[in-house]
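Novice: Here you go, this is protein.cif (mmCIF, C-alpha atoms and all ligand atoms).
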data_data
#
loop_
_atom_site.label_atom_id
_atom_site.label_comp_id
_atom_site.auth_asym_id
_atom_site.auth_seq_id
_atom_site.Cartn_x
_atom_site.Cartn_y
_atom_site.Cartn_z
CA MET A 1 -37.29 -0.44 29.03
CA THR A 2 -40.24 -0.29 26.64
CA ALA A 3 -41.07 -3.90 25.89
CA ALA A 4 -42.22 -3.06 22.35
CA LEU A 5 -38.78 -1.70 21.53
CA THR A 6 -36.72 -4.59 22.85
CA GLY A 7 -34.54 -5.90 20.06
CA LEU A 8 -35.68 -3.08 17.77
CA ALA A 9 -33.33 -0.42 16.51
CA ALA A 10 -32.81 1.72 13.43
CA ALA A 11 -31.13 -0.17 10.59
CA LEU A 12 -27.35 -0.36 10.65
CA PRO A 13 -25.37 1.55 8.01
CA ALA A 14 -24.22 -0.62 5.09
CA SER A 15 -20.60 -0.28 6.24
CA TRP A 16 -21.32 -2.02 9.58
CA PRO A 17 -20.64 -5.80 9.50
CA ALA A 18 -23.74 -7.79 10.54
CA SER A 19 -21.45 -9.94 12.71
CA LEU A 20 -20.78 -6.84 14.84
CA ALA A 21 -24.40 -5.68 15.23
CA PRO A 22 -24.98 -4.22 18.72
CA ASP A 23 -27.42 -6.96 19.74
CA ARG A 24 -24.75 -9.56 18.97
CA LEU A 25 -22.08 -7.64 20.88
CA GLU A 26 -24.33 -7.30 23.92
CA VAL A 27 -23.98 -11.00 24.59
CA ILE A 28 -20.16 -10.83 24.59
CA ASP A 29 -19.26 -11.10 28.24
CA VAL A 30 -16.31 -8.71 28.20
CA PRO A 31 -16.11 -5.45 30.13
CA THR A 32 -15.85 -2.21 28.15
CA PRO A 33 -13.87 -0.75 26.60
CA TYR A 34 -13.09 -3.19 23.79
CA LEU A 35 -12.43 -3.05 20.05
CA VAL A 36 -13.86 -6.03 18.21
CA THR A 37 -12.70 -6.79 14.66
CA ASP A 38 -14.28 -9.19 12.19
CA LEU A 39 -11.30 -10.77 10.42
CA ASP A 40 -13.54 -12.11 7.66
CA ALA A 41 -14.57 -8.51 6.94
CA VAL A 42 -10.87 -7.57 6.71
CA ALA A 43 -10.27 -10.44 4.26
CA ARG A 44 -13.29 -9.41 2.15
CA ARG A 45 -12.05 -5.84 2.06
CA LEU A 46 -8.67 -6.93 0.68
CA ASP A 47 -10.34 -9.19 -1.92
CA ARG A 48 -12.51 -6.31 -3.09
CA PHE A 49 -9.53 -3.93 -3.24
CA THR A 50 -7.57 -6.45 -5.31
CA ALA A 51 -10.52 -7.01 -7.66
CA ALA A 52 -11.01 -3.25 -8.13
CA LEU A 53 -7.30 -2.68 -8.84
CA PRO A 54 -6.12 -5.71 -10.81
CA GLY A 55 -2.36 -5.79 -11.29
CA VAL A 56 -1.81 -3.51 -8.29
CA ARG A 57 0.08 -5.15 -5.40
CA ALA A 58 -1.22 -4.16 -1.94
CA PHE A 59 1.37 -3.33 0.73
CA TYR A 60 -0.73 -2.78 3.87
CA ALA A 61 0.35 0.34 5.80
CA MET A 62 0.56 -1.37 9.17
CA LYS A 63 0.72 1.81 11.27
CA CYS A 64 -3.02 2.02 10.82
CA ASN A 65 -3.65 -1.15 12.86
CA PRO A 66 -0.74 -3.53 13.57
CA ALA A 67 -2.71 -6.24 15.42
CA PRO A 68 -0.99 -9.57 14.56
CA GLU A 69 -4.39 -11.16 13.79
CA ILE A 70 -5.02 -8.49 11.13
CA LEU A 71 -1.50 -8.72 9.70
CA HIS A 72 -1.87 -12.49 9.50
CA THR A 73 -5.26 -12.23 7.77
CA LEU A 74 -3.98 -9.75 5.18
CA ARG A 75 -0.85 -11.79 4.55
CA ALA A 76 -2.94 -14.92 4.01
CA GLY A 77 -4.99 -12.90 1.49
CA GLY A 78 -1.87 -12.07 -0.53
CA ALA A 79 -0.96 -8.62 0.80
CA SER A 80 2.52 -7.52 1.71
CA PHE A 81 3.39 -4.63 4.01
CA GLU A 82 4.65 -1.06 4.24
CA VAL A 83 6.60 -0.02 7.33
CA ALA A 84 7.73 3.29 8.79
CA SER A 85 10.23 1.98 11.33
CA LEU A 86 12.39 -0.94 12.42
CA GLY A 87 9.87 -1.66 15.19
CA GLU A 88 7.18 -2.34 12.60
CA LEU A 89 9.54 -4.55 10.58
CA ARG A 90 10.34 -6.60 13.71
CA VAL A 91 6.60 -7.24 14.24
CA LEU A 92 6.38 -8.56 10.68
CA GLU A 93 9.46 -10.75 11.13
CA ARG A 94 7.92 -12.33 14.23
CA LEU A 95 4.89 -13.11 12.06
CA GLY A 96 7.12 -14.88 9.55
CA ALA A 97 6.96 -12.23 6.81
CA ASP A 98 10.01 -11.86 4.55
CA PRO A 99 11.62 -8.38 4.87
CA ALA A 100 12.55 -8.61 1.17
CA GLU A 101 8.81 -8.29 0.43
CA VAL A 102 8.39 -5.17 2.58
CA LEU A 103 8.51 -1.51 1.51
CA TYR A 104 10.08 1.04 3.86
CA SER A 105 8.16 4.17 2.83
CA ASN A 106 9.00 6.65 5.58
CA PRO A 107 11.07 9.27 3.69
CA VAL A 108 13.11 10.29 6.77
CA LYS A 109 14.45 7.32 8.73
CA PRO A 110 16.75 6.88 11.73
CA PRO A 111 20.17 5.67 10.44
CA ALA A 112 20.16 2.71 12.84
CA HIS A 113 16.76 1.58 11.49
CA ILE A 114 18.06 1.71 7.91
CA ALA A 115 21.10 -0.40 8.83
CA ALA A 116 19.11 -3.01 10.74
CA ALA A 117 16.37 -3.26 8.10
CA TYR A 118 19.06 -3.74 5.44
CA ALA A 119 20.74 -6.43 7.53
CA ALA A 120 17.36 -8.18 7.81
CA GLY A 121 17.01 -8.30 4.02
CA LEU A 122 14.83 -5.27 3.28
CA TRP A 123 16.13 -3.68 0.08
CA ARG A 124 13.67 -0.92 -0.96
CA PHE A 125 13.78 2.47 0.77
CA SER A 126 11.91 5.69 0.02
CA PHE A 127 13.57 9.12 0.10
CA ASP A 128 12.76 12.72 -0.74
CA SER A 129 16.08 14.54 -0.26
CA PRO A 130 19.84 14.37 -0.92
CA ASN A 131 20.41 13.96 2.84
CA GLU A 132 18.34 10.78 2.96
CA LEU A 133 20.14 9.37 -0.11
CA HIS A 134 23.48 9.84 1.65
CA LYS A 135 22.07 8.13 4.75
CA ILE A 136 20.76 5.16 2.74
CA ALA A 137 24.01 4.84 0.73
CA GLY A 138 25.98 4.81 3.99
CA HIS A 139 23.83 2.30 5.90
CA ALA A 140 22.24 0.21 3.15
CA PRO A 141 24.73 0.31 0.25
CA GLY A 142 23.44 -0.69 -3.18
CA SER A 143 19.78 -0.58 -2.11
CA ALA A 144 16.87 0.32 -4.36
CA VAL A 145 15.44 3.78 -3.75
CA TYR A 146 12.06 5.27 -4.63
CA LEU A 147 11.26 8.94 -4.57
CA ARG A 148 8.35 10.36 -2.59
CA LEU A 149 6.77 13.11 -4.68
CA HIS A 150 4.83 15.99 -3.22
CA VAL A 151 1.30 15.91 -4.64
CA ASP A 152 -1.87 17.90 -4.05
CA ASP A 153 -3.50 16.40 -0.94
CA SER A 154 -6.20 19.02 -0.44
CA ALA A 155 -8.99 16.53 -1.24
CA SER A 156 -8.18 14.41 1.82
CA SER A 157 -9.41 14.72 5.40
CA PHE A 158 -5.87 14.50 6.75
CA PRO A 159 -3.48 16.34 4.41
CA LEU A 160 0.19 15.68 5.04
CA SER A 161 0.85 19.41 5.15
CA ARG A 162 4.15 19.36 3.29
CA LYS A 163 5.94 17.21 5.84
CA PHE A 164 7.16 14.95 3.01
CA GLY A 165 7.70 14.96 -0.71
CA ALA A 166 10.17 16.32 -3.28
CA GLU A 167 9.01 18.63 -6.04
CA PRO A 168 8.77 16.98 -9.47
CA HIS A 169 11.51 19.20 -10.91
CA GLU A 170 13.97 17.86 -8.31
CA ALA A 171 13.55 14.23 -9.42
CA ARG A 172 16.23 14.10 -12.13
CA GLU A 173 18.93 15.57 -9.93
CA LEU A 174 18.01 13.29 -7.05
CA PHE A 175 18.14 10.10 -9.12
CA THR A 176 21.43 11.25 -10.68
CA LEU A 177 22.82 11.59 -7.16
CA ALA A 178 21.36 8.17 -6.22
CA ARG A 179 23.25 6.54 -9.09
CA ARG A 180 26.45 8.36 -8.18
CA LEU A 181 26.12 6.99 -4.63
CA GLY A 182 25.80 3.44 -5.94
CA LEU A 183 22.07 3.16 -5.24
CA ARG A 184 19.53 1.63 -7.64
CA PRO A 185 16.94 4.07 -9.01
CA TYR A 186 13.79 2.05 -8.38
CA GLY A 187 10.54 3.96 -8.27
CA LEU A 188 8.21 6.81 -7.49
CA THR A 189 5.63 7.10 -4.73
CA PHE A 190 3.17 9.68 -3.44
CA HIS A 191 0.38 9.95 -0.87
CA VAL A 192 -2.79 11.82 -1.79
CA GLY A 193 -3.57 12.26 1.94
CA SER A 194 -5.56 10.01 4.25
CA GLN A 195 -9.31 9.50 3.65
CA CYS A 196 -9.16 11.05 0.18
CA ALA A 197 -12.69 11.61 -1.07
CA THR A 198 -12.17 12.36 -4.76
CA THR A 199 -11.00 9.98 -7.49
CA ALA A 200 -9.51 12.92 -9.41
CA ALA A 201 -6.72 13.18 -6.82
CA TRP A 202 -5.26 9.86 -8.02
CA ARG A 203 -5.51 10.85 -11.67
CA ARG A 204 -3.67 14.11 -10.98
CA ALA A 205 -0.97 12.35 -8.97
CA ILE A 206 -0.46 9.62 -11.60
CA GLY A 207 -0.26 12.30 -14.30
CA LEU A 208 2.44 14.07 -12.34
CA ALA A 209 4.32 10.80 -11.85
CA GLY A 210 4.06 10.20 -15.61
CA ARG A 211 5.73 13.53 -16.36
CA VAL A 212 8.53 12.69 -13.92
CA LEU A 213 9.00 9.23 -15.48
CA ALA A 214 9.26 10.85 -18.93
CA GLY A 215 11.89 13.33 -17.72
CA LEU A 216 13.94 10.54 -16.16
CA LEU A 217 13.88 8.58 -19.44
CA ASP A 218 15.85 11.45 -20.99
CA ASP A 219 18.63 10.62 -18.49
CA GLY A 220 18.40 6.94 -19.36
CA VAL A 221 16.67 6.13 -16.07
CA ARG A 222 13.80 3.65 -16.37
CA LEU A 223 12.05 2.92 -13.07
CA GLU A 224 10.70 -0.42 -11.91
CA MET A 225 7.93 0.67 -9.53
CA LEU A 226 5.09 3.16 -9.30
CA ASP A 227 3.66 3.14 -5.76
CA LEU A 228 0.24 4.79 -5.45
CA GLY A 229 0.57 5.18 -1.67
CA GLY A 230 -2.46 5.19 0.64
CA GLY A 231 -5.44 7.45 1.16
CA PHE A 232 -8.13 5.03 -0.06
CA PRO A 233 -11.19 6.06 1.95
CA ALA A 234 -13.44 4.13 4.35
CA ARG A 235 -17.10 4.82 5.07
CA TYR A 236 -17.87 6.74 8.27
CA THR A 237 -20.95 8.99 8.18
CA ALA A 238 -20.27 10.84 4.90
CA GLY A 239 -20.32 9.31 1.43
CA VAL A 240 -17.02 8.33 -0.21
CA PRO A 241 -16.34 6.99 -3.71
CA PRO A 242 -16.46 3.18 -3.83
CA ILE A 243 -13.12 1.46 -4.45
CA GLU A 244 -14.41 0.31 -7.85
CA ASP A 245 -14.64 3.96 -8.97
CA ILE A 246 -11.12 4.67 -7.71
CA GLY A 247 -9.94 1.51 -9.51
CA THR A 248 -11.49 2.65 -12.80
CA THR A 249 -9.85 6.06 -12.49
CA VAL A 250 -6.46 4.60 -11.55
CA ARG A 251 -6.51 2.04 -14.38
CA ALA A 252 -7.35 4.70 -16.96
CA ALA A 253 -4.70 7.07 -15.62
CA ILE A 254 -2.03 4.36 -15.70
CA ALA A 255 -2.96 3.46 -19.29
CA GLU A 256 -3.14 7.07 -20.50
CA LEU A 257 -0.67 9.15 -18.50
CA LEU A 258 2.52 7.07 -18.14
CA PRO A 259 5.28 6.91 -20.81
CA TYR A 260 5.68 3.19 -19.90
CA ARG A 261 4.23 0.83 -17.35
CA PRO A 262 6.69 0.02 -14.53
CA GLY A 263 6.90 -3.69 -13.73
CA LEU A 264 5.48 -3.21 -10.25
CA ILE A 265 2.43 -1.06 -9.56
CA ALA A 266 2.10 -0.92 -5.78
CA ALA A 267 -0.38 0.64 -3.36
CA GLU A 268 -0.24 1.12 0.40
CA PRO A 269 -3.83 0.99 1.63
CA GLY A 270 -4.28 1.37 5.40
CA ARG A 271 -7.58 2.78 6.62
CA HIS A 272 -9.53 1.37 3.67
CA LEU A 273 -8.75 -2.26 4.55
CA VAL A 274 -9.48 -2.22 8.26
CA ALA A 275 -11.63 0.73 9.40
CA GLU A 276 -15.04 -0.73 8.59
CA ALA A 277 -14.20 -4.16 10.01
CA ALA A 278 -14.23 -3.10 13.67
CA VAL A 279 -16.55 -1.67 16.30
CA LEU A 280 -15.41 0.10 19.46
CA ALA A 281 -17.57 -0.51 22.54
CA ALA A 282 -17.31 2.25 25.14
CA GLY A 283 -19.09 2.23 28.49
CA VAL A 284 -20.97 5.25 29.83
CA ILE A 285 -19.39 6.17 33.18
CA GLY A 286 -21.15 9.46 33.85
CA ARG A 287 -23.90 11.80 32.72
CA GLU A 288 -23.90 15.42 33.82
CA VAL A 289 -25.33 18.83 32.90
CA ARG A 290 -22.64 21.52 32.54
CA ALA A 291 -23.71 25.09 31.78
CA GLY A 292 -27.04 23.85 30.47
CA GLN A 293 -25.49 21.21 28.19
CA ASN A 294 -25.77 17.44 28.44
CA TRP A 295 -22.41 15.74 28.88
CA LEU A 296 -21.73 12.04 28.57
CA PHE A 297 -18.50 10.59 30.01
CA LEU A 298 -17.15 7.37 28.46
CA ASP A 299 -14.44 4.92 29.53
CA VAL A 300 -12.69 5.69 26.20
CA GLY A 301 -11.45 9.12 25.22
CA ALA A 302 -9.19 10.68 22.64
CA TYR A 303 -6.18 9.23 24.47
CA GLN A 304 -7.57 5.69 24.58
CA GLY A 305 -7.89 5.49 20.80
CA LEU A 306 -10.22 8.24 19.58
CA MET A 307 -7.39 10.60 18.67
CA GLU A 308 -8.75 11.30 15.20
CA THR A 309 -11.78 13.03 16.74
CA ILE A 310 -9.53 15.82 18.00
CA GLN A 311 -7.16 16.05 15.03
CA LEU A 312 -9.50 18.06 12.81
CA PRO A 313 -11.09 21.42 13.62
CA SER A 314 -14.33 20.11 12.11
CA GLY A 315 -14.31 16.99 14.31
CA TRP A 316 -14.67 13.39 13.19
CA ASP A 317 -17.91 11.42 13.03
CA PHE A 318 -18.19 7.70 13.59
CA PRO A 319 -21.49 5.93 12.99
CA VAL A 320 -22.87 5.50 16.53
CA ARG A 321 -25.28 3.04 18.12
CA SER A 322 -26.00 2.29 21.77
CA SER A 323 -27.30 -0.43 24.04
CA VAL A 324 -30.44 1.63 24.70
CA PRO A 325 -33.41 -0.37 23.33
CA GLY A 326 -34.87 1.27 20.25
CA HIS A 327 -31.75 3.34 19.54
CA GLY A 328 -32.56 5.65 16.65
CA LEU A 329 -36.31 5.26 17.18
CA VAL A 330 -36.70 6.68 20.70
CA PRO A 331 -36.61 10.41 21.65
CA GLU A 332 -33.12 11.89 21.57
CA LEU A 333 -31.10 14.70 23.14
CA THR A 334 -27.81 16.12 21.97
CA PHE A 335 -24.71 15.43 24.06
CA THR A 336 -21.14 16.56 24.37
CA VAL A 337 -19.28 13.26 24.63
CA THR A 338 -15.99 13.19 26.51
CA GLY A 339 -13.41 10.71 27.80
CA PRO A 340 -12.53 9.51 31.29
CA SER A 341 -9.38 11.57 31.91
CA CYS A 342 -9.02 14.71 33.97
CA ASP A 343 -8.26 16.73 30.82
CA SER A 344 -10.91 18.43 28.72
CA SER A 345 -8.79 17.81 25.62
CA ASP A 346 -10.11 14.26 25.37
CA THR A 347 -13.61 15.41 24.34
CA MET A 348 -14.61 13.54 21.17
CA PHE A 349 -18.05 14.61 19.98
CA HIS A 350 -20.11 17.79 20.13
CA GLY A 351 -23.87 17.85 19.52
CA LEU A 352 -24.14 14.06 19.15
CA ALA A 353 -27.79 12.89 19.12
CA LEU A 354 -28.32 9.97 21.51
CA PRO A 355 -31.31 8.37 23.24
CA ALA A 356 -32.56 10.79 25.88
CA THR A 357 -32.47 8.11 28.58
CA ILE A 358 -28.85 7.01 28.04
CA ASP A 359 -27.01 6.73 31.36
CA VAL A 360 -24.27 5.09 33.38
CA GLY A 361 -23.89 1.39 32.50
CA ASP A 362 -25.11 1.81 28.93
CA VAL A 363 -22.72 1.12 26.07
CA LEU A 364 -21.93 3.25 23.02
CA TYR A 365 -20.91 1.34 19.88
CA LEU A 366 -18.77 3.25 17.39
CA GLY A 367 -18.63 1.71 13.92
CA SER A 368 -15.77 1.98 11.40
CA ALA A 369 -13.33 2.06 14.33
CA GLY A 370 -10.65 -0.29 13.01
CA ALA A 371 -8.16 2.30 11.74
CA TYR A 372 -5.96 4.70 13.71
CA THR A 373 -7.64 3.84 17.01
CA LEU A 374 -5.76 1.16 18.99
CA SER A 375 -2.49 2.10 17.28
CA TYR A 376 -2.81 5.56 18.85
CA ALA A 377 -4.09 4.44 22.24
CA SER A 378 -2.35 5.03 25.56
CA ALA A 379 -3.31 4.33 29.17
CA PHE A 380 -3.29 8.07 29.96
CA ASN A 381 -4.48 8.81 33.48
CA GLY A 382 -4.60 5.09 34.23
CA PHE A 383 -7.51 4.33 31.91
CA PRO A 384 -6.56 1.32 29.75
CA PRO A 385 -7.02 1.24 25.98
CA PRO A 386 -9.84 -0.92 24.58
CA ALA A 387 -9.11 -4.66 24.74
CA PRO A 388 -8.66 -6.14 21.26
CA LEU A 389 -11.17 -8.90 20.37
CA PHE A 390 -11.55 -10.78 17.12
CA VAL A 391 -14.32 -12.75 15.45
CA GLY A 392 -14.14 -14.80 12.26
CA ARG A 393 -11.05 -16.66 10.91
CA SER A 394 -8.65 -17.52 13.71
CA GLY A 395 -10.54 -15.35 16.19
CA GLY A 396 -13.10 -16.76 18.60
CA THR A 397 -15.52 -14.47 20.34
C1 LIG B 401 -0.04 6.35 6.57
C2 LIG B 401 0.54 5.91 5.29
C3 LIG B 401 -0.20 5.08 4.44
C4 LIG B 401 -1.62 4.67 4.71
O1 LIG B 401 -2.51 5.73 4.64
P1 LIG B 401 -4.09 5.49 4.67
O2 LIG B 401 -4.65 6.83 4.54
O3 LIG B 401 -4.42 4.83 5.97
O4 LIG B 401 -4.41 4.60 3.52
C5 LIG B 401 0.42 4.64 3.28
N1 LIG B 401 1.69 5.00 2.98
C6 LIG B 401 2.42 5.81 3.78
C7 LIG B 401 3.80 6.16 3.38
C8 LIG B 401 1.86 6.30 4.94
O5 LIG B 401 2.58 7.10 5.73
#
Could you write out this file's structure as structure tokens?
Ligand SMILES: *Cc1c(COP(=O)(O)O)cnc(C)c1O
Specialist:
Amino acid sequence: MTAALTGLAAALPASWPASLAPDRLEVIDVPTPYLVTDLDAVARRLDRFTAALPGVRAFYAMKCNPAPEILHTLRAGGASFEVASLGELRVLERLGADPAEVLYSNPVKPPAHIAAAYAAGLWRFSFDSPNELHKIAGHAPGSAVYLRLHVDDSASSFPLSRKFGAEPHEARELFTLARRLGLRPYGLTFHVGSQCATTAAWRRAIGLAGRVLAGLLDDGVRLEMLDLGGGFPARYTAGVPPIEDIGTTVRAAIAELLPYRPGLIAAEPGRHLVAEAAVLAAGVIGREVRAGQNWLFLDVGAYQGLMETIQLPSGWDFPVRSSVPGHGLVPELTFTVTGPSCDSSDTMFHGLALPATIDVGDVLYLGSAGAYTLSYASAFNGFPPPAPLFVGRSGGT
């Protein structure tokens, strides 16, 4: 250790909460791997989202991170929730949330989940096909239904690849069928794709929804909800539009492109609310040279929560720091960074610049790790997922 560098490191990115700075995490006496979330940062994120999108009700997409501490924090801040399954609804019920306040936005649902959610008091279900309408009418008679529209998601990092969404020209026939089945035509929704990096995607989607709303008016159908879905981006290593810019675009589009303003404008932010509020601490368990390349082995891999790093051909970059004194200021080498399992498919980063001296026992800190990490994690090969820790609010350290 170079004494002059002790306590020194390159500045943290603006997205990284000061409460989770590496030198503060180093004094936490918990073995790696762990995922530490600042609940105050989560609360601030929701406040800023609400301020940027006044009049838009946030329904947190809990699949992104269903930790009860986070759900509780968001609920206390005025958010409601979006679920994809009965299992998620049961978690909310245990927390004391009212199912009547929850949106069930998965367009293709198991019949038993529809029936049980309906019995619990949930009354709003999404759909994108005649089949799903028949299912909902059979298992949740009289419920309110909102149509998932297919929109252009090419501006997002994780397009939904046509898995869901009806075409706009199908809307009138679908709502006519809904009425015939005794269901209540309720709303429209879309998803511009996760980590959407252009504000224009929302304007296009709202414009398309506006044309559908106008067509439905001709049939005497006036909807009560427009749900903007998720896709609001978080900061990783590349720039993204600030939520205020998205808010400005959305507000203008709602004012200009809809034939009327539905009573409820909803949104389903996931990643945006929680990603930046957490840091993943991974221990270095091995350093090797393979075919002339430096490899670093961590106690967390794709299967322990870093799944998003292997979902895109181009890879996925988290802001990275380490316990090496002077990180960012000392000489570096590039590493292939892999997980602890006996598979090569858990390799997360290629060509990652790290301090040249990094070795077994050091810790890698990955910022913006609060979304789609723990909710994906398994104990594959016997390596446990990161332990969840919380600071701020109800959390201690
Ligand atoms: C996953 C999902 C979301 C949240 O997406 P983010 O990109 O995390 O904001 C919202 N709504 C639905 C229906 C989803 O499936």
Novice: At a cut-off of 10 Å and counting only C-alpha atoms and all ligand atoms, what residues surround ligand LIG 401 (chain B)? Please answer as a PDB file with C-alpha atoms, in the frame of the given file.
Specialist:
ATOM      1  CA  PHE A  59       1.370  -3.330   0.730  1.00  0.00           C
ATOM      2  CA  TYR A  60      -0.730  -2.780   3.870  1.00  0.00           C
ATOM      3  CA  ALA A  61       0.350   0.340   5.800  1.00  0.00           C
ATOM      4  CA  MET A  62       0.560  -1.370   9.170  1.00  0.00           C
ATOM      5  CA  LYS A  63       0.720   1.810  11.270  1.00  0.00           C
ATOM      6  CA  CYS A  64      -3.020   2.020  10.820  1.00  0.00           C
ATOM      7  CA  ASN A  65      -3.650  -1.150  12.860  1.00  0.00           C
ATOM      8  CA  PHE A  81       3.390  -4.630   4.010  1.00  0.00           C
ATOM      9  CA  GLU A  82       4.650  -1.060   4.240  1.00  0.00           C
ATOM     10  CA  VAL A  83       6.600  -0.020   7.330  1.00  0.00           C
ATOM     11  CA  ALA A  84       7.730   3.290   8.790  1.00  0.00           C
ATOM     12  CA  LEU A 103       8.510  -1.510   1.510  1.00  0.00           C
ATOM     13  CA  TYR A 104      10.080   1.040   3.860  1.00  0.00           C
ATOM     14  CA  SER A 105       8.160   4.170   2.830  1.00  0.00           C
ATOM     15  CA  ASN A 106       9.000   6.650   5.580  1.00  0.00           C
ATOM     16  CA  PRO A 107      11.070   9.270   3.690  1.00  0.00           C
ATOM     17  CA  SER A 126      11.910   5.690   0.020  1.00  0.00           C
ATOM     18  CA  ARG A 148       8.350  10.360  -2.590  1.00  0.00           C
ATOM     19  CA  SER A 156      -8.180  14.410   1.820  1.00  0.00           C
ATOM     20  CA  SER A 157      -9.410  14.720   5.400  1.00  0.00           C
ATOM     21  CA  PHE A 158      -5.870  14.500   6.750  1.00  0.00           C
ATOM     22  CA  PRO A 159      -3.480  16.340   4.410  1.00  0.00           C
ATOM     23  CA  LEU A 160       0.190  15.680   5.040  1.00  0.00           C
ATOM     24  CA  PHE A 164       7.160  14.950   3.010  1.00  0.00           C
ATOM     25  CA  THR A 189       5.630   7.100  -4.730  1.00  0.00           C
ATOM     26  CA  PHE A 190       3.170   9.680  -3.440  1.00  0.00           C
ATOM     27  CA  HIS A 191       0.380   9.950  -0.870  1.00  0.00           C
ATOM     28  CA  VAL A 192      -2.790  11.820  -1.790  1.00  0.00           C
ATOM     29  CA  GLY A 193      -3.570  12.260   1.940  1.00  0.00           C
ATOM     30  CA  SER A 194      -5.560  10.010   4.250  1.00  0.00           C
ATOM     31  CA  GLN A 195      -9.310   9.500   3.650  1.00  0.00           C
ATOM     32  CA  CYS A 196      -9.160  11.050   0.180  1.00  0.00           C
ATOM     33  CA  ASP A 227       3.660   3.140  -5.760  1.00  0.00           C
ATOM     34  CA  LEU A 228       0.240   4.790  -5.450  1.00  0.00           C
ATOM     35  CA  GLY A 229       0.570   5.180  -1.670  1.00  0.00           C
ATOM     36  CA  GLY A 230      -2.460   5.190   0.640  1.00  0.00           C
ATOM     37  CA  GLY A 231      -5.440   7.450   1.160  1.00  0.00           C
ATOM     38  CA  PHE A 232      -8.130   5.030  -0.060  1.00  0.00           C
ATOM     39  CA  PRO A 233     -11.190   6.060   1.950  1.00  0.00           C
ATOM     40  CA  ALA A 234     -13.440   4.130   4.350  1.00  0.00           C
ATOM     41  CA  ALA A 267      -0.380   0.640  -3.360  1.00  0.00           C
ATOM     42  CA  GLU A 268      -0.240   1.120   0.400  1.00  0.00           C
ATOM     43  CA  PRO A 269      -3.830   0.990   1.630  1.00  0.00           C
ATOM     44  CA  GLY A 270      -4.280   1.370   5.400  1.00  0.00           C
ATOM     45  CA  ARG A 271      -7.580   2.780   6.620  1.00  0.00           C
ATOM     46  CA  HIS A 272      -9.530   1.370   3.670  1.00  0.00           C
ATOM     47  CA  LEU A 273      -8.750  -2.260   4.550  1.00  0.00           C
ATOM     48  CA  VAL A 274      -9.480  -2.220   8.260  1.00  0.00           C
ATOM     49  CA  ALA A 275     -11.630   0.730   9.400  1.00  0.00           C
ATOM     50  CA  ALA A 371      -8.160   2.300  11.740  1.00  0.00           C
ATOM     51  CA  TYR A 372      -5.960   4.700  13.710  1.00  0.00           C
TER      52      TYR A 372
END
Novice: Find the residues around range 302-310 of chain A up to 8 Å (all atoms listed in the file counted), leave out those fewer than 4 positions away in its own chain, and share them as a JSON list (two decimals) with C-alpha atoms, keeping the file's coordinate frame.
Specialist:
[["chain", "number", "residue", "atom", "x", "y", "z"],
["A", 315, "GLY", "CA", -14.31, 16.99, 14.31],
["A", 316, "TRP", "CA", -14.67, 13.39, 13.19],
["A", 317, "ASP", "CA", -17.91, 11.42, 13.03],
["A", 339, "GLY", "CA", -13.41, 10.71, 27.80],
["A", 345, "SER", "CA", -8.79, 17.81, 25.62],
["A", 346, "ASP", "CA", -10.11, 14.26, 25.37],
["A", 347, "THR", "CA", -13.61, 15.41, 24.34],
["A", 348, "MET", "CA", -14.61, 13.54, 21.17],
["A", 349, "PHE", "CA", -18.05, 14.61, 19.98],
["A", 372, "TYR", "CA", -5.96, 4.70, 13.71],
["A", 373, "THR", "CA", -7.64, 3.84, 17.01],
["A", 374, "LEU", "CA", -5.76, 1.16, 18.99],
["A", 375, "SER", "CA", -2.49, 2.10, 17.28],
["A", 376, "TYR", "CA", -2.81, 5.56, 18.85],
["A", 377, "ALA", "CA", -4.09, 4.44, 22.24],
["A", 378, "SER", "CA", -2.35, 5.03, 25.56],
["A", 379, "ALA", "CA", -3.31, 4.33, 29.17],
["A", 380, "PHE", "CA", -3.29, 8.07, 29.96],
["A", 383, "PHE", "CA", -7.51, 4.33, 31.91],
["A", 384, "PRO", "CA", -6.56, 1.32, 29.75],
["A", 385, "PRO", "CA", -7.02, 1.24, 25.98],
["A", 386, "PRO", "CA", -9.84, -0.92, 24.58]]
Novice: Which of these residues is nearest to Ser15 in chain A, using only C-alpha atoms: A:Lys135, A:Arg235, A:Arg184, A:Arg44?
Specialist: A:Arg235
Novice: May I have the protein, DNA and RNA residues with any atom at most 9 Å from the point (-27.8, 7.5, 32.7), counting all atoms listed in the file, written as a ChimeraX atom specification?
Specialist: /A:284-288,296,356-362
Novice: What's the separation between CA of Ala277 in chain A and CA of Tyr365 in chain A, in Å to one decimal place?
Specialist: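 Going from CA of Ala277 in chain A over to CA of Tyr365 in chain A covers 13.1 Å.
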Novice: Go through A:Glu256, A:Asp38, A:Asp47, A:Asp29 one by one, measure the shortest atom-to-atom distance of each to Ile243 in chain A using all atoms listed in the file, and give the residue with the smallest value.
Specialist: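 Residue with the minimum atom-to-atom distance to Ile243 in chain A: A:Asp47.
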